[in-house]
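Student: Just so it is clear, I am handing over data.txt, which has compact mmCIF, C-alpha atoms.
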```txt
# COMPACT_ATOMS: atom_id res chain seq x y z
CA ASP A 18 0.00 0.00 0.00
CA GLN A 19 1.60 3.23 -1.19
CA GLN A 20 1.04 5.84 1.49
CA VAL A 21 2.65 8.64 -0.51
CA LYS A 22 1.87 8.86 -4.21
CA GLN A 23 3.27 10.93 -7.01
CA ASN A 24 1.04 10.06 -9.91
CA SER A 25 3.01 11.89 -12.60
CA PRO A 26 6.25 10.11 -13.40
CA SER A 27 7.39 12.98 -15.60
CA LEU A 28 6.74 16.66 -16.29
CA SER A 29 8.16 18.96 -18.96
CA VAL A 30 8.05 22.73 -18.59
CA GLN A 31 9.42 25.63 -20.58
CA GLU A 32 12.14 27.73 -18.97
CA GLY A 33 10.68 30.72 -17.11
CA ARG A 34 7.27 29.12 -16.63
CA ILE A 35 5.84 27.59 -13.47
CA SER A 36 6.45 23.94 -12.57
CA ILE A 37 3.83 22.30 -10.37
CA LEU A 38 4.63 18.92 -8.87
CA ASN A 39 1.90 17.06 -7.01
CA CYS A 40 1.81 14.54 -4.21
CA ASP A 41 -1.05 12.72 -2.47
CA TYR A 42 -0.95 10.83 0.80
CA THR A 43 -3.27 8.45 2.58
CA ASN A 44 -1.95 8.33 6.14
CA SER A 45 -3.65 11.05 8.22
CA MET A 46 -0.97 10.63 10.89
CA PHE A 47 1.66 12.27 8.68
CA ASP A 48 2.50 15.64 10.22
CA TYR A 49 5.61 16.82 8.41
CA PHE A 50 6.21 16.90 4.69
CA LEU A 51 9.36 17.49 2.69
CA TRP A 52 10.43 17.84 -0.92
CA TYR A 53 13.78 16.54 -2.13
CA LYS A 54 15.52 16.88 -5.45
CA LYS A 55 17.71 14.07 -6.73
CA TYR A 56 20.23 13.59 -9.50
CA PRO A 57 21.26 10.09 -10.63
CA ALA A 58 23.83 8.36 -8.40
CA GLU A 59 23.56 11.12 -5.79
CA GLY A 60 21.71 11.43 -2.52
CA PRO A 61 18.51 13.49 -2.34
CA THR A 62 18.99 17.19 -1.68
CA PHE A 63 16.54 18.86 0.69
CA LEU A 64 14.49 21.63 -0.89
CA ILE A 65 11.66 22.71 1.35
CA SER A 66 9.38 21.39 4.08
CA ILE A 67 6.05 22.11 5.68
CA SER A 68 4.48 21.22 8.98
CA SER A 69 0.89 20.03 9.10
CA ILE A 70 -0.08 23.11 11.10
CA LYS A 71 0.63 25.30 8.07
CA ASP A 72 -0.83 25.40 4.58
CA LYS A 73 1.96 27.20 2.77
CA ASN A 74 5.70 27.62 3.02
CA GLU A 75 7.85 29.68 0.70
CA ASP A 76 11.59 29.74 0.09
CA GLY A 77 12.80 31.76 -2.85
CA ARG A 78 11.53 30.21 -6.08
CA PHE A 79 10.03 27.24 -4.21
CA THR A 80 6.63 27.19 -2.54
CA VAL A 81 4.96 24.17 -0.98
CA PHE A 82 1.20 24.07 -0.45
CA LEU A 83 -0.54 21.63 1.87
CA ASN A 84 -4.24 20.80 1.70
CA LYS A 85 -4.89 18.54 4.70
CA SER A 86 -8.54 17.91 3.94
CA ALA A 87 -7.62 16.62 0.48
CA LYS A 88 -4.42 14.96 1.73
CA HIS A 89 -2.57 16.70 -1.05
CA LEU A 90 0.58 18.76 -1.32
CA SER A 91 2.21 20.49 -4.22
CA LEU A 92 5.54 22.10 -4.99
CA HIS A 93 5.59 25.22 -7.16
CA ILE A 94 8.81 26.36 -8.81
CA VAL A 95 8.69 29.85 -10.27
CA PRO A 96 10.40 30.65 -12.57
CA SER A 97 11.64 27.26 -13.70
CA GLN A 98 15.27 27.01 -14.79
CA PRO A 99 17.09 24.30 -16.79
CA GLY A 100 19.15 23.52 -13.67
CA ASP A 101 15.94 22.46 -11.93
CA SER A 102 15.79 19.39 -14.15
CA ALA A 103 15.97 16.42 -11.78
CA VAL A 104 13.78 13.86 -10.05
CA TYR A 105 11.65 15.36 -7.30
CA PHE A 106 10.49 13.28 -4.36
CA CYS A 107 7.92 14.20 -1.79
CA ALA A 108 8.30 12.58 1.61
CA ALA A 109 6.27 12.45 4.79
CA ASN A 110 7.00 11.83 8.44
CA THR A 111 4.79 10.84 11.33
CA GLY A 112 4.83 11.39 15.07
CA SER A 113 8.19 11.16 16.74
CA ALA A 114 9.71 8.72 14.27
CA ARG A 115 12.32 9.95 11.86
CA GLN A 116 11.14 7.52 9.22
CA LEU A 117 10.50 9.21 5.92
CA THR A 118 7.99 7.63 3.56
CA PHE A 119 8.80 8.64 0.00
CA GLY A 120 6.73 8.93 -3.13
CA SER A 121 7.97 7.34 -6.33
CA GLY A 122 9.30 10.60 -7.74
CA THR A 123 8.56 12.90 -10.69
CA GLN A 124 11.17 13.58 -13.36
CA LEU A 125 11.07 17.31 -14.10
CA THR A 126 12.58 18.50 -17.36
CA VAL A 127 12.89 22.24 -17.90
CA LEU A 128 13.35 23.03 -21.56
CA PRO A 129 15.47 26.03 -22.56
CA LYS B 9 30.16 22.54 7.60
CA ALA B 10 30.92 19.22 5.87
CA GLY B 11 27.97 17.18 4.67
CA VAL B 12 27.09 13.55 5.26
CA THR B 13 29.82 11.26 3.99
CA GLN B 14 29.47 7.62 3.02
CA THR B 15 32.14 5.06 2.27
CA PRO B 16 32.76 3.30 0.05
CA ARG B 17 30.92 4.93 -2.85
CA TYR B 18 30.85 1.73 -4.91
CA LEU B 19 30.99 -1.94 -3.97
CA ILE B 20 30.78 -5.17 -5.92
CA LYS B 21 30.10 -8.37 -4.00
CA THR B 22 28.93 -11.89 -4.82
CA ARG B 23 25.91 -13.73 -3.51
CA GLY B 24 26.35 -15.11 -0.01
CA GLN B 25 28.98 -12.59 1.03
CA GLN B 26 28.45 -9.92 3.62
CA VAL B 27 29.08 -6.19 3.39
CA THR B 28 29.56 -3.25 5.76
CA LEU B 29 28.79 0.32 4.76
CA SER B 30 29.84 3.38 6.72
CA CYS B 31 28.22 6.77 7.29
CA SER B 32 29.57 9.89 9.00
CA PRO B 33 26.82 12.39 9.84
CA ILE B 34 27.04 16.15 9.72
CA SER B 35 28.99 17.43 12.71
CA GLY B 36 26.62 17.87 15.65
CA HIS B 37 23.90 15.66 14.19
CA ARG B 38 22.96 12.79 16.45
CA SER B 39 20.36 10.89 14.45
CA VAL B 40 21.35 8.68 11.52
CA SER B 41 18.87 6.91 9.26
CA TRP B 42 19.47 4.45 6.44
CA TYR B 43 17.45 4.05 3.25
CA GLN B 44 17.57 1.69 0.29
CA GLN B 45 16.78 2.87 -3.22
CA THR B 46 15.96 0.40 -5.98
CA PRO B 47 14.23 0.94 -9.34
CA GLY B 48 11.37 -1.35 -8.34
CA GLN B 49 10.69 -0.29 -4.74
CA GLY B 50 11.91 3.29 -4.72
CA LEU B 51 13.30 4.81 -1.55
CA GLN B 52 12.58 2.68 1.51
CA PHE B 53 13.45 3.25 5.15
CA LEU B 54 15.77 0.68 6.76
CA PHE B 55 16.41 1.93 10.30
CA GLU B 56 17.25 4.94 12.45
CA TYR B 57 19.85 5.25 15.19
CA PHE B 58 20.15 7.80 17.95
CA SER B 59 22.59 7.70 20.87
CA GLU B 60 23.85 4.29 19.77
CA THR B 61 20.33 2.84 19.97
CA GLN B 62 18.10 1.69 17.14
CA ARG B 63 14.93 3.73 17.52
CA ASN B 64 12.97 2.60 14.52
CA LYS B 65 13.16 -0.17 11.94
CA GLY B 66 11.62 -0.60 8.52
CA ASN B 67 10.26 -3.75 6.95
CA PHE B 68 13.50 -5.50 6.01
CA PRO B 69 14.77 -8.98 6.92
CA GLY B 70 17.16 -9.56 9.79
CA ARG B 71 20.05 -9.84 7.34
CA PHE B 72 20.07 -6.05 7.43
CA SER B 73 21.51 -4.64 10.62
CA GLY B 74 23.27 -1.54 11.81
CA ARG B 75 24.93 0.16 14.69
CA GLN B 76 25.94 3.61 15.82
CA PHE B 77 29.06 4.63 17.64
CA SER B 78 29.52 7.21 20.40
CA ASN B 79 30.70 9.79 17.84
CA SER B 80 27.39 9.30 15.95
CA ARG B 81 29.07 7.54 13.02
CA SER B 82 27.00 4.60 11.84
CA GLU B 83 27.59 1.37 10.00
CA MET B 84 25.15 -0.84 8.21
CA ASN B 85 25.74 -4.54 7.58
CA VAL B 86 24.07 -6.89 5.14
CA SER B 87 24.80 -10.58 5.55
CA THR B 88 24.26 -13.43 3.08
CA LEU B 89 23.87 -11.07 0.15
CA GLU B 90 21.19 -11.74 -2.44
CA LEU B 91 20.94 -10.42 -6.00
CA GLY B 92 17.97 -8.29 -4.91
CA ASP B 93 20.16 -6.41 -2.44
CA SER B 94 21.75 -4.53 -5.33
CA ALA B 95 20.78 -0.95 -4.65
CA LEU B 96 21.86 2.54 -3.72
CA TYR B 97 22.14 2.72 0.06
CA LEU B 98 21.63 6.18 1.46
CA CYS B 99 22.41 7.53 4.87
CA ALA B 100 20.74 10.65 6.28
CA SER B 101 21.49 12.64 9.39
CA SER B 102 19.43 15.09 11.39
CA ALA B 103 20.08 17.27 14.38
CA LEU B 104 17.19 15.86 16.39
CA ALA B 105 16.30 19.33 17.54
CA GLY B 106 12.72 18.74 18.45
CA VAL B 107 9.74 16.46 18.76
CA PRO B 108 7.68 16.15 16.62
CA PRO B 109 10.51 15.84 14.15
CA THR B 110 10.45 19.10 12.26
CA ASP B 111 14.17 18.78 11.80
CA THR B 112 15.28 17.96 8.30
CA GLN B 113 17.11 14.82 7.24
CA TYR B 114 20.17 15.54 5.09
CA PHE B 115 21.38 12.78 2.80
CA GLY B 116 24.82 11.57 1.84
CA PRO B 117 25.80 10.62 -1.73
CA GLY B 118 25.07 6.94 -1.14
CA THR B 119 26.91 3.67 -1.63
CA ARG B 120 26.13 1.80 -4.84
CA LEU B 121 26.14 -1.93 -4.01
CA THR B 122 26.15 -4.45 -6.84
CA VAL B 123 25.63 -8.12 -5.99
CA LEU B 124 26.72 -10.59 -8.68
```
Please go through the file and, once you have read it, give me the structure as structure tokens.
Tutor:
Amino acid sequence: DQQVKQNSPSLSVQEGRISILNCDYTNSMFDYFLWYKKYPAEGPTFLISISSIKDKNEDGRFTVFLNKSAKHLSLHIVPSQPGDSAVYFCAANTGSARQLTFGSGTQLTVLP
Amino acid sequence: KAGVTQTPRYLIKTRGQQVTLSCSPISGHRSVSWYQQTPGQGLQFLFEYFSETQRNKGNFPGRFSGRQFSNSRSEMNVSTLELGDSALYLCASSALAGVPPTDTQYFGPGTRLTVL
């Protein structure tokens, strides 16, 4: 049973436009959500996080939105740059356990 | 501040052998977690260590084990290797600043294990 789902395996966006990556979860106990960016043969790089007590968190070009009632979160990248091309993973954590549950990832390609 | 380091970066082993992977967390970080990434299963949690104690364990067989030392460095061991153990093994550290865990886990570059 996949508790964190990223239903779009890939996304292509033109440089300068907005990239929107989506993530759905099923476990209502999740209370902390993170987005990571990953290049092949490297470890994930932390991008941005959000606690379940908030509905939005912004850091530069990256904004994460959380809709608890829909069990949905999204990552907005504005403006998108070719260097943003990578696999993006959403992850969730629950309670006091540092045990991240990851989605399957979305390959973002930003076209120049 | 130096990031999470993992050694070795690449390993080739044969079935039935055992392997030990090492992880040095970011200085000052006390929690170390291990994850396995495979094309079929994605990123899956193995276990977490804090103060030399395993605090949490994922759904992996007992062939997978780990430990943490007093300096927070951690090792992970896989015994009786199987072909399906071929994967990228990632270590992540966090400062364990608060509960609930709003501290971020920072990942190392991983160890690529190939089992022949």
Student: Using all atoms listed in the file and a cut-off of 8 Å, which residues of chain B sit close to chain A? Please list them as a ChimeraX atom specification.
Tutor: /B:41,50-53,55-56,63-64,96,98,107-110,112-118,120
Student: Let me make sure I understand: among A:Gln124, A:Ser97, A:Arg78, A:Ser91, which one has the smallest atom-to-atom distance to Leu38 in chain A if we use only C-alpha atoms?
Tutor: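 Result for the nearest residue to Leu38 in chain A: A:Ser91.
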Student: Fewer than 5 positions away in the same chain doesn't count, so skip those; otherwise give me all residues within 12 Å of Val27 in chain B, counting only C-alpha atoms, as number ranges by chain.
Tutor: B: 15-16, 18-22, 71-74, 83-90, 93-94, 97, 119-123
Student: In Å, with one decimal, what is the gap from CA of Gln23 in chain A to CA of Tyr57 in chain B?
Tutor: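 That distance, rounded to one decimal, is 28.3 Å.
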Student: Rounded to one decimal in Å, what is the spacing between CA of Ser80 in chain B and CA of His37 in chain B?
Tutor: 7.5 Å
Student: Rounded to one decimal place, report the CA of Gln14 in chain B-CA of Glu60 in chain B distance in Å.
Tutor: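 Interatomic distance, CA of Gln14 in chain B to CA of Glu60 in chain B: 18.0 Å.
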Student: B:Leu91, B:Cys99, B:Ala10, B:Leu124: which is nearest Ser30 in chain B, counting all atoms listed in the file?
Tutor: B:Cys99
Student: Val95 in chain A: which residues within 10 Å, counting all atoms listed in the file, same-chain residues fewer than 6 positions away excluded, as a PyMOL selection string?
Tutor: chain A and resi 32-37+77-80
Student: Output the selection as a short mmCIF file (atom, residue, chain, number, x, y, z; two decimals), keeping the file's coordinate frame - C-alpha atoms for each residue.
Tutor:
```
data_model
loop_
_atom_site.label_atom_id
_atom_site.label_comp_id
_atom_site.auth_asym_id
_atom_site.auth_seq_id
_atom_site.Cartn_x
_atom_site.Cartn_y
_atom_site.Cartn_z
CA GLU A 32 12.14 27.73 -18.97
CA GLY A 33 10.68 30.72 -17.11
CA ARG A 34 7.27 29.12 -16.63
CA ILE A 35 5.84 27.59 -13.47
CA SER A 36 6.45 23.94 -12.57
CA ILE A 37 3.83 22.30 -10.37
CA GLY A 77 12.80 31.76 -2.85
CA ARG A 78 11.53 30.21 -6.08
CA PHE A 79 10.03 27.24 -4.21
CA THR A 80 6.63 27.19 -2.54
#
```
Student: Just checking: using all atoms listed in the file, which residue out of B:Gly48, B:Gly36, B:Gly66, B:Gly11 ends up closest to Gly92 in chain B?
Tutor: B:Gly48
Student: Return the padded bounding box of range 61-70 of chain A as lines of an AutoDock Vina configuration file: axis-aligned, built from all atoms listed in the file, 6 Å added on each side, with centre and edge lengths in Å to one decimal.
Tutor:
```
center_x = 9.5
center_y = 18.3
center_z = 4.4
size_x = 31.1
size_y = 21.6
size_z = 25.4
```
Student: Please tell me which residues are no farther than 8 Å from (9.0, 15.6, -18.7) in the file, counting all atoms listed in the file, and write them as a PyMOL selection string.
Tutor: chain A and resi 27-30+124-127
Student: For the residues in the current selection, export C-alpha atoms as a short mmCIF file (atom, residue, chain, number, x, y, z; two decimals), in the coordinates of the input.
Tutor:
```cif
data_model
loop_
_atom_site.label_atom_id
_atom_site.label_comp_id
_atom_site.auth_asym_id
_atom_site.auth_seq_id
_atom_site.Cartn_x
_atom_site.Cartn_y
_atom_site.Cartn_z
CA SER A 27 7.39 12.98 -15.60
CA LEU A 28 6.74 16.66 -16.29
CA SER A 29 8.16 18.96 -18.96
CA VAL A 30 8.05 22.73 -18.59
CA GLN A 124 11.17 13.58 -13.36
CA LEU A 125 11.07 17.31 -14.10
CA THR A 126 12.58 18.50 -17.36
CA VAL A 127 12.89 22.24 -17.90
#
```
